[in-house]
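Colleague: Structure: final.cif, mmCIF, C-alpha atoms.
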```
data_protein
loop_
_atom_site.group_PDB
_atom_site.id
_atom_site.type_symbol
_atom_site.label_atom_id
_atom_site.label_comp_id
_atom_site.auth_asym_id
_atom_site.auth_seq_id
_atom_site.Cartn_x
_atom_site.Cartn_y
_atom_site.Cartn_z
ATOM 1 C CA MET Y 1 0.000 0.000 0.000
ATOM 2 C CA CYS Y 2 1.265 3.487 -0.836
ATOM 3 C CA SER Y 3 0.061 7.091 -0.923
ATOM 4 C CA THR Y 4 2.889 8.758 -2.861
ATOM 5 C CA THR Y 5 5.272 7.705 -5.635
ATOM 6 C CA SER Y 6 8.256 8.558 -3.423
ATOM 7 C CA GLU Y 7 7.241 5.775 -1.035
ATOM 8 C CA CYS Y 8 7.509 3.306 -3.914
ATOM 9 C CA THR Y 9 10.826 4.603 -5.251
ATOM 10 C CA ASP Y 10 12.333 4.700 -1.753
ATOM 11 C CA ALA Y 11 11.341 1.092 -1.116
ATOM 12 C CA LEU Y 12 11.678 -0.470 -4.575
ATOM 13 C CA GLY Y 13 13.895 1.812 -6.631
ATOM 14 C CA ALA Y 14 13.555 4.058 -9.645
ATOM 15 C CA GLY Y 15 10.799 3.327 -12.144
ATOM 16 C CA TRP Y 16 8.089 2.496 -9.604
ATOM 17 C CA ALA Y 17 4.979 4.668 -9.142
ATOM 18 C CA CYS Y 18 2.035 4.800 -6.743
ATOM 19 C CA ILE Y 19 -1.310 4.331 -8.460
ATOM 20 C CA SER Y 20 -4.583 3.294 -6.817
ATOM 21 C CA GLY Y 21 -2.680 2.662 -3.601
ATOM 22 C CA CYS Y 22 -0.357 0.113 -5.201
ATOM 23 C CA CYS Y 23 3.298 0.343 -6.233
ATOM 24 C CA GLU Y 24 3.503 -0.379 -9.961
ATOM 25 C CA GLN Y 25 6.133 -0.365 -12.696
ATOM 26 C CA PRO Y 26 5.250 1.332 -16.005
ATOM 27 C CA GLY Y 27 4.213 -1.084 -18.728
ATOM 28 C CA GLY Y 28 2.907 -3.712 -16.314
ATOM 29 C CA GLY Y 29 4.633 -5.937 -13.790
ATOM 30 C CA ASP Y 30 3.793 -6.930 -10.264
ATOM 31 C CA ASP Y 31 2.118 -4.467 -7.966
ATOM 32 C CA ASP Y 32 2.672 -4.443 -4.223
ATOM 33 C CA ASP Y 33 -0.313 -6.245 -2.699
ATOM 34 C CA ASP Y 34 0.637 -5.134 0.807
ATOM 35 C CA ASP Y 35 0.349 -2.306 0.160
ATOM 36 C CA ASP Y 36 -30.809 14.053 -8.488
ATOM 37 C CA ASP Y 37 -31.386 15.808 -11.586
ATOM 38 C CA ASP Y 38 -30.306 14.103 -14.746
ATOM 39 C CA ALA Y 39 -27.376 16.051 -16.197
ATOM 40 C CA GLY Y 40 -28.224 15.456 -19.844
ATOM 41 C CA ASP Y 41 -29.032 13.060 -22.617
ATOM 42 C CA ASP Y 42 -27.068 10.233 -24.152
ATOM 43 C CA ASP Y 43 -25.930 10.644 -27.757
ATOM 44 C CA THR Y 44 -24.552 7.587 -29.493
ATOM 45 C CA THR Y 45 -22.483 8.543 -32.515
ATOM 46 C CA GLY Y 46 -19.642 7.216 -34.568
ATOM 47 C CA LEU Y 47 -16.463 9.135 -35.231
ATOM 48 C CA GLY Y 48 -17.686 10.458 -38.566
ATOM 49 C CA ASP Y 49 -15.216 8.484 -40.691
ATOM 50 C CA ASP Y 50 -15.444 4.932 -42.011
ATOM 51 C CA ASP Y 51 -11.835 4.401 -40.947
ATOM 52 C CA PHE Y 52 -12.880 4.926 -37.336
ATOM 53 C CA ALA Y 53 -15.492 2.278 -36.652
ATOM 54 C CA ALA Y 54 -15.649 2.712 -32.887
ATOM 55 C CA ASP Y 55 -19.009 3.996 -31.683
ATOM 56 C CA LEU Y 56 -18.862 6.151 -28.590
ATOM 57 C CA SER Y 57 -21.819 7.018 -26.371
ATOM 58 C CA TRP Y 58 -21.613 10.577 -25.059
ATOM 59 C CA VAL Y 59 -23.440 12.006 -22.029
ATOM 60 C CA SER Y 60 -24.176 15.741 -21.912
ATOM 61 C CA LEU Y 61 -23.322 17.473 -18.625
ATOM 62 C CA GLU Y 62 -24.642 20.943 -17.865
ATOM 63 C CA GLY Y 63 -22.410 23.714 -16.609
ATOM 64 C CA ALA Y 64 -22.479 24.118 -12.835
ATOM 65 C CA PHE Y 65 -20.661 25.067 -9.677
ATOM 66 C CA PHE Y 66 -19.486 22.264 -7.388
ATOM 67 C CA THR Y 67 -17.154 21.793 -4.421
ATOM 68 C CA MET Y 68 -13.856 20.257 -5.544
ATOM 69 C CA GLY Y 69 -11.286 18.641 -3.281
ATOM 70 C CA CYS Y 70 -11.350 17.016 0.130
ATOM 71 C CA THR Y 71 -14.845 16.004 1.194
ATOM 72 C CA GLU Y 72 -15.947 17.325 4.559
ATOM 73 C CA GLY Y 73 -15.346 14.672 7.196
ATOM 74 C CA ASP Y 74 -12.985 12.575 5.046
ATOM 75 C CA ILE Y 75 -10.086 11.579 7.294
ATOM 76 C CA ASP Y 76 -8.138 10.009 4.422
ATOM 77 C CA CYS Y 77 -7.553 13.202 2.440
ATOM 78 C CA LEU Y 78 -4.001 13.939 1.360
ATOM 79 C CA PRO Y 79 -2.490 17.460 1.349
ATOM 80 C CA SER Y 80 -2.867 17.590 -2.445
ATOM 81 C CA GLU Y 81 -6.664 17.366 -2.054
ATOM 82 C CA SER Y 82 -6.887 20.565 -0.007
ATOM 83 C CA PRO Y 83 -8.207 23.125 0.300
ATOM 84 C CA SER Y 84 -11.665 22.192 -0.904
ATOM 85 C CA HIS Y 85 -12.911 25.005 -3.125
ATOM 86 C CA THR Y 86 -15.839 26.036 -5.301
ATOM 87 C CA VAL Y 87 -15.306 25.515 -9.030
ATOM 88 C CA TRP Y 88 -17.370 26.343 -12.115
ATOM 89 C CA VAL Y 89 -17.208 23.934 -15.039
ATOM 90 C CA SER Y 90 -18.751 24.817 -18.391
ATOM 91 C CA ALA Y 91 -21.094 22.377 -20.111
ATOM 92 C CA PHE Y 92 -19.380 19.475 -21.856
ATOM 93 C CA GLU Y 93 -19.934 15.900 -22.981
ATOM 94 C CA MET Y 94 -18.169 12.819 -21.611
ATOM 95 C CA THR Y 95 -18.072 9.256 -22.865
ATOM 96 C CA GLU Y 96 -20.519 7.144 -20.926
ATOM 97 C CA THR Y 97 -17.846 4.549 -20.150
ATOM 98 C CA GLU Y 98 -14.114 4.209 -20.190
ATOM 99 C CA ILE Y 99 -12.779 3.575 -23.704
ATOM 100 C CA THR Y 100 -12.908 -0.154 -24.308
ATOM 101 C CA GLN Y 101 -10.375 -2.414 -25.929
ATOM 102 C CA GLU Y 102 -12.699 -2.860 -28.907
ATOM 103 C CA GLN Y 103 -13.146 0.891 -29.338
ATOM 104 C CA TYR Y 104 -9.422 1.505 -29.070
ATOM 105 C CA PHE Y 105 -8.556 -1.234 -31.553
ATOM 106 C CA ALA Y 106 -11.091 0.081 -34.067
ATOM 107 C CA VAL Y 107 -9.175 3.361 -34.291
ATOM 108 C CA THR Y 108 -5.564 2.336 -33.682
ATOM 109 C CA ALA Y 109 -5.470 -1.314 -34.845
ATOM 110 C CA SER Y 110 -3.667 -2.096 -31.593
ATOM 111 C CA ASN Y 111 -4.584 -3.331 -28.127
ATOM 112 C CA PRO Y 112 -1.860 -2.964 -25.499
ATOM 113 C CA SER Y 113 -4.075 -4.179 -22.644
ATOM 114 C CA ASP Y 114 -2.795 -6.869 -20.304
ATOM 115 C CA ASN Y 115 -6.305 -8.386 -20.174
ATOM 116 C CA SER Y 116 -6.508 -8.375 -23.972
ATOM 117 C CA GLY Y 117 -9.089 -11.133 -24.311
ATOM 118 C CA CYS Y 118 -11.891 -8.909 -23.008
ATOM 119 C CA GLU Y 119 -12.962 -6.529 -25.778
ATOM 120 C CA ASP Y 120 -15.597 -4.831 -23.588
ATOM 121 C CA CYS Y 121 -13.122 -4.209 -20.786
ATOM 122 C CA PRO Y 122 -11.404 -0.820 -20.548
ATOM 123 C CA VAL Y 123 -8.234 -0.518 -22.581
ATOM 124 C CA ASN Y 124 -5.229 -0.124 -20.315
ATOM 125 C CA SER Y 125 -1.434 0.115 -20.596
ATOM 126 C CA VAL Y 126 -1.918 3.230 -22.762
ATOM 127 C CA ASP Y 127 0.348 6.195 -22.023
ATOM 128 C CA TRP Y 128 -1.025 9.725 -21.747
ATOM 129 C CA ASN Y 129 0.052 10.697 -25.243
ATOM 130 C CA ALA Y 130 -1.700 7.750 -26.895
ATOM 131 C CA ALA Y 131 -4.844 8.362 -24.826
ATOM 132 C CA ASN Y 132 -4.888 12.032 -25.788
ATOM 133 C CA ASP Y 133 -4.329 11.182 -29.472
ATOM 134 C CA TYR Y 134 -7.281 8.799 -29.418
ATOM 135 C CA CYS Y 135 -9.595 11.415 -27.911
ATOM 136 C CA VAL Y 136 -8.527 13.971 -30.516
ATOM 137 C CA LEU Y 137 -9.304 11.484 -33.291
ATOM 138 C CA ALA Y 138 -12.702 10.978 -31.645
ATOM 139 C CA GLY Y 139 -13.387 14.713 -31.908
ATOM 140 C CA GLY Y 140 -12.599 15.464 -28.285
ATOM 141 C CA ARG Y 141 -9.838 15.473 -25.680
ATOM 142 C CA LEU Y 142 -9.004 14.143 -22.256
ATOM 143 C CA PRO Y 143 -11.047 15.694 -19.417
ATOM 144 C CA SER Y 144 -9.614 18.383 -17.221
ATOM 145 C CA GLU Y 145 -9.182 17.357 -13.617
ATOM 146 C CA ALA Y 146 -12.100 19.612 -12.615
ATOM 147 C CA GLU Y 147 -14.358 18.144 -15.312
ATOM 148 C CA TRP Y 148 -13.446 14.657 -14.165
ATOM 149 C CA GLU Y 149 -14.260 15.293 -10.498
ATOM 150 C CA TYR Y 150 -17.498 17.114 -11.343
ATOM 151 C CA ALA Y 151 -18.571 14.124 -13.454
ATOM 152 C CA ALA Y 152 -17.547 11.637 -10.770
ATOM 153 C CA ARG Y 153 -19.386 13.433 -7.990
ATOM 154 C CA ALA Y 154 -22.595 13.849 -10.015
ATOM 155 C CA TRP Y 155 -24.156 16.438 -7.668
ATOM 156 C CA THR Y 156 -23.097 14.527 -4.546
ATOM 157 C CA GLU Y 157 -20.962 15.921 -1.714
ATOM 158 C CA THR Y 158 -19.969 12.563 -0.265
ATOM 159 C CA ILE Y 159 -16.678 10.668 -0.306
ATOM 160 C CA TYR Y 160 -17.912 8.422 -3.114
ATOM 161 C CA SER Y 161 -20.762 9.166 -5.502
ATOM 162 C CA CYS Y 162 -22.695 6.373 -3.771
ATOM 163 C CA GLY Y 163 -22.190 7.664 -0.228
ATOM 164 C CA ASP Y 164 -19.606 8.169 2.506
ATOM 165 C CA GLY Y 165 -19.106 4.525 3.412
ATOM 166 C CA ALA Y 166 -16.912 2.174 1.393
ATOM 167 C CA SER Y 167 -19.610 -0.497 1.723
ATOM 168 C CA CYS Y 168 -21.499 1.190 -1.131
ATOM 169 C CA LEU Y 169 -18.664 0.600 -3.618
ATOM 170 C CA ASP Y 170 -19.709 -2.944 -4.500
ATOM 171 C CA GLU Y 171 -22.719 -1.485 -6.311
ATOM 172 C CA VAL Y 172 -20.779 0.981 -8.468
ATOM 173 C CA ALA Y 173 -17.146 -0.123 -8.724
ATOM 174 C CA TRP Y 174 -14.706 -2.888 -9.549
ATOM 175 C CA TYR Y 175 -11.875 -2.599 -7.025
ATOM 176 C CA ALA Y 176 -9.556 -4.685 -4.873
ATOM 177 C CA ASP Y 177 -12.341 -6.230 -2.786
ATOM 178 C CA ASN Y 178 -14.373 -7.637 -5.703
ATOM 179 C CA ALA Y 179 -12.440 -7.473 -8.991
ATOM 180 C CA GLU Y 180 -10.490 -10.723 -8.496
ATOM 181 C CA GLY Y 181 -7.328 -9.271 -9.984
ATOM 182 C CA ALA Y 182 -8.543 -8.000 -13.351
ATOM 183 C CA THR Y 183 -10.571 -5.379 -15.200
ATOM 184 C CA HIS Y 184 -14.202 -6.150 -16.032
ATOM 185 C CA PRO Y 185 -16.518 -5.207 -18.922
ATOM 186 C CA VAL Y 186 -17.528 -1.550 -18.684
ATOM 187 C CA GLY Y 187 -21.054 -0.643 -17.646
ATOM 188 C CA THR Y 188 -21.671 -3.755 -15.571
ATOM 189 C CA LYS Y 189 -21.940 -1.838 -12.295
ATOM 190 C CA SER Y 190 -24.550 0.807 -11.543
ATOM 191 C CA PRO Y 191 -23.979 4.286 -13.037
ATOM 192 C CA ASN Y 192 -23.798 7.473 -11.016
ATOM 193 C CA ASP Y 193 -26.517 10.132 -11.119
ATOM 194 C CA PHE Y 194 -25.070 11.509 -14.375
ATOM 195 C CA ASP Y 195 -25.488 8.071 -16.001
ATOM 196 C CA LEU Y 196 -21.724 7.592 -16.171
ATOM 197 C CA TYR Y 197 -20.237 4.169 -15.450
ATOM 198 C CA ASP Y 198 -17.021 3.140 -13.700
ATOM 199 C CA MET Y 199 -16.064 6.592 -12.462
ATOM 200 C CA HIS Y 200 -14.783 4.715 -9.420
ATOM 201 C CA GLY Y 201 -12.530 1.737 -10.109
ATOM 202 C CA ASN Y 202 -12.114 -0.661 -13.056
ATOM 203 C CA ALA Y 203 -9.359 1.360 -14.774
ATOM 204 C CA ALA Y 204 -7.887 4.498 -13.274
ATOM 205 C CA GLU Y 205 -8.133 7.357 -15.774
ATOM 206 C CA TRP Y 206 -5.736 9.850 -17.323
ATOM 207 C CA THR Y 207 -6.825 13.490 -17.228
ATOM 208 C CA ARG Y 208 -5.578 16.385 -19.322
ATOM 209 C CA ASP Y 209 -3.924 18.307 -16.476
ATOM 210 C CA TRP Y 210 -0.368 18.531 -15.288
ATOM 211 C CA TYR Y 211 0.009 17.705 -11.592
ATOM 212 C CA ALA Y 212 1.067 20.120 -8.866
ATOM 213 C CA GLU Y 213 0.500 19.167 -5.239
ATOM 214 C CA ALA Y 214 -0.419 22.696 -4.141
ATOM 215 C CA TYR Y 215 -2.430 23.653 -7.254
ATOM 216 C CA TYR Y 216 -5.683 23.987 -5.311
ATOM 217 C CA GLU Y 217 -4.180 26.886 -3.358
ATOM 218 C CA GLU Y 218 -4.054 28.993 -6.534
ATOM 219 C CA SER Y 219 -6.589 27.357 -8.836
ATOM 220 C CA PRO Y 220 -8.942 29.781 -10.622
ATOM 221 C CA GLN Y 221 -12.633 29.312 -9.926
ATOM 222 C CA ALA Y 222 -13.858 29.112 -13.520
ATOM 223 C CA ASP Y 223 -12.816 26.107 -15.612
ATOM 224 C CA PRO Y 224 -9.414 25.591 -13.954
ATOM 225 C CA PRO Y 225 -6.963 24.481 -16.667
ATOM 226 C CA GLY Y 226 -4.383 22.923 -14.364
ATOM 227 C CA PRO Y 227 -0.751 24.036 -14.108
ATOM 228 C CA ALA Y 228 0.915 25.390 -17.237
ATOM 229 C CA SER Y 229 3.634 22.749 -17.094
ATOM 230 C CA GLY Y 230 4.904 19.855 -15.049
ATOM 231 C CA THR Y 231 6.490 16.431 -15.135
ATOM 232 C CA ASP Y 232 3.500 14.209 -14.268
ATOM 233 C CA ARG Y 233 -0.143 14.147 -15.379
ATOM 234 C CA VAL Y 234 -3.087 13.698 -13.009
ATOM 235 C CA VAL Y 235 -4.761 10.286 -12.846
ATOM 236 C CA ARG Y 236 -8.161 9.869 -11.192
ATOM 237 C CA GLY Y 237 -10.710 7.298 -10.108
ATOM 238 C CA GLY Y 238 -8.718 4.395 -8.703
ATOM 239 C CA SER Y 239 -8.559 0.978 -10.332
ATOM 240 C CA TRP Y 240 -9.550 -2.655 -10.030
ATOM 241 C CA ALA Y 241 -6.517 -3.137 -7.755
ATOM 242 C CA GLY Y 242 -7.214 -0.107 -5.574
ATOM 243 C CA ASP Y 243 -8.326 -0.070 -1.963
ATOM 244 C CA PRO Y 244 -11.389 2.068 -1.169
ATOM 245 C CA TRP Y 245 -9.391 5.134 -0.127
ATOM 246 C CA ALA Y 246 -7.885 5.314 -3.641
ATOM 247 C CA LEU Y 247 -11.383 5.350 -5.195
ATOM 248 C CA ARG Y 248 -12.463 8.484 -3.325
ATOM 249 C CA ALA Y 249 -13.834 11.223 -5.607
ATOM 250 C CA SER Y 250 -11.161 13.666 -4.446
ATOM 251 C CA TYR Y 251 -8.145 11.339 -4.694
ATOM 252 C CA ARG Y 252 -5.361 12.593 -6.998
ATOM 253 C CA ALA Y 253 -2.534 10.468 -8.378
ATOM 254 C CA ALA Y 254 0.369 11.715 -10.515
ATOM 255 C CA LEU Y 255 2.104 9.607 -13.173
ATOM 256 C CA ASP Y 256 4.682 9.956 -15.931
ATOM 257 C CA PRO Y 257 2.744 10.702 -19.161
ATOM 258 C CA ASP Y 258 5.334 8.895 -21.272
ATOM 259 C CA ALA Y 259 4.842 5.605 -19.416
ATOM 260 C CA ALA Y 260 2.033 3.068 -19.787
ATOM 261 C CA TYR Y 261 0.505 1.523 -16.658
ATOM 262 C CA TYR Y 262 -1.593 -1.611 -16.584
ATOM 263 C CA LEU Y 263 -3.923 -0.062 -13.994
ATOM 264 C CA VAL Y 264 -4.650 3.032 -16.108
ATOM 265 C CA GLY Y 265 -7.054 3.683 -18.982
ATOM 266 C CA PHE Y 266 -9.049 6.749 -19.991
ATOM 267 C CA ARG Y 267 -12.290 8.277 -21.236
ATOM 268 C CA CYS Y 268 -12.853 11.304 -23.493
ATOM 269 C CA VAL Y 269 -14.768 14.583 -23.348
ATOM 270 C CA ARG Y 270 -15.756 17.132 -25.971
ATOM 271 C CA GLY Y 271 -16.944 20.724 -25.790
ATOM 272 C CA GLY Y 272 -16.491 22.705 -22.602
ATOM 273 C CA ALA Y 273 -13.749 25.246 -21.951
ATOM 274 C CA PRO Y 274 -10.640 24.939 -24.146
#
```
Since I need it in another form, could you write the structure as structure tokens?

Modeller:
Amino acid sequence: MCSTTSECTDALGAGWACISGCCEQPGGGDDDDDDDDDAGDDDTTGLGDDDFAADLSWVSLEGAFFTMGCTEGDIDCLPSESPSHTVWVSAFEMTETEITQEQYFAVTASNPSDNSGCEDCPVNSVDWNAANDYCVLAGGRLPSEAEWEYAARAWTETIYSCGDGASCLDEVAWYADNAEGATHPVGTKSPNDFDLYDMHGNAAEWTRDWYAEAYYEESPQADPPGPASGTDRVVRGGSWAGDPWALRASYRAALDPDAAYYLVGFRCVRGGAP
């Protein structure tokens, strides 16, 4: 179990990272086991080109204010999750599920996933650059960190979208307690109140933003774009190998964008603030 990448590198050496509470090497390898209102309508469309056969289902999310960061009463919050602060996100659309292996293969003719026999499972082992390229080809981009947390919370102000207690996760998430060591087909758990699936668990998800631990201290209120530069990108949501604390809506991980991690996938957004 880990909370920061430095814990992994101190214990295991260079090249290890902390994701979903587990120490992991880029590109796969063994992880350390000790360690209300509907937001919009679904729109199922193709990519607009016969070469791109993957059909993506998009959910429209209205613009709104929400409270981002450490949830009141959450004793597991890390310094990077504070202070909690009010954020405005402009209206945007997000894919209903994480991008699947089938959808990724249809565009790229490749499937780097470790669990490659499951075409409806989220694609994983995709670095940030490849994930971003896919979303651009799909007419979108990766979500900002603020967009991601707004979508994950879905009007709620609790630790998870399903409530404050980890006991609710079995209904909405594949994680360490029920995933049996692998990803699962997307959309097989209950969606959140925005009709989005797997915002907690299954694959952790790349976001667009660079990571800075103290960014919330200076983040603008309207459509925060993230830091202008950095070395790591923000990853959200926790994974099938994550303990409950790593699936919290406010939890922030930071990973090398040039490395691929078998716990990490992605979903796309379109519209919203540039």

Colleague: Y:Tyr216, Y:Trp206, Y:Phe266, Y:Tyr150: which is nearest Val186 (chain Y), counting all atoms listed in the file?

Modeller: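 Among the listed residues, the smallest separation from Val186 (chain Y) belongs to Y:Phe266.
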
Colleague: Using 6 Å of padding on each side, determine the axis-aligned box around all atoms of region 210-226 of chain Y present in the file and give its centre and edge lengths in Å to one decimal, as JSON.

Modeller:
```
{"center_x": -6.4, "center_y": 23.7, "center_z": -10.0, "size_x": 26.9, "size_y": 24.1, "size_z": 25.3}
```

Colleague: When the PyMOL selection byres ((chain Y and resi 159) around 7) is applied to the file above, which residues end up in the set, as a list in words?

Modeller: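 Checking the PyMOL selection byres ((chain Y and resi 159) around 7) against this file, the residues are Thr71, Asp74, Glu157, Thr158, Tyr160, Ser161, Gly163, Asp164, Arg248 and Ala249 of chain Y.
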
Colleague: Leaving out Gly117 (chain Y) and any residue of its chain fewer than 3 positions from it, which residues lie within 12 Å of it when counting all atoms listed in the file, given as a list in words?

Modeller: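 Here the answer would be Thr100, Gln101, Glu102, Asn111, Pro112, Ser113, Asp114, Asp120, Cys121, Pro122, Val123, Ala182, Thr183, His184 and Pro185 of chain Y.
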
Colleague: Nearest residue to Phe92 (chain Y) out of Y:Trp245, Y:Trp128, Y:Trp58, Y:Tyr134, using all atoms listed in the file?

Modeller: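 Ranked by minimum distance to Phe92 (chain Y), first place goes to Y:Trp58.
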
Colleague: One number please: CA of Asp177 (chain Y) to CA of Thr67 (chain Y), in Å, one decimal.

Modeller: 28.5 Å

Colleague: CA of Ala130 (chain Y) and CA of Thr108 (chain Y), how far apart in Å?

Modeller: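 If I compute the distance from CA of Thr108 (chain Y) to CA of Ala130 (chain Y), I get 9.5 Å.
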
Colleague: Which of these, Y:Ser190, Y:Ser90, Y:Ser57, Y:Thr97, has the shortest distance to Gly272 (chain Y) once you count all atoms listed in the file?

Modeller: Y:Ser90

Colleague: With all atoms listed in the file as the basis for distance, which of Y:Leu169, Y:Ala64, Y:Cys70, Y:Ala254 is at the shortest distance from Met199 (chain Y)?

Modeller: Y:Leu169

Colleague: One number please: CA of Arg270 (chain Y) to CA of Ser250 (chain Y), in Å, one decimal.

Modeller: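 Between CA of Arg270 (chain Y) and CA of Ser250 (chain Y) the gap works out to 22.3 Å.
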
Colleague: Go through Y:Tyr262, Y:Tyr175, Y:Trp148, Y:Tyr211 and flag the residue nearest Glu93 (chain Y), using all atoms listed in the file for the distances.

Modeller: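 Comparing Y:Tyr262, Y:Tyr175, Y:Trp148, Y:Tyr211 against Glu93 (chain Y), the winner is Y:Trp148.
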
Colleague: Tell me which of Y:Ala151, Y:Asp127, Y:Trp240, Y:Glu119 sits closest to Asn178 (chain Y), counting all atoms listed in the file.

Modeller: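 Result for the nearest residue to Asn178 (chain Y): Y:Trp240.
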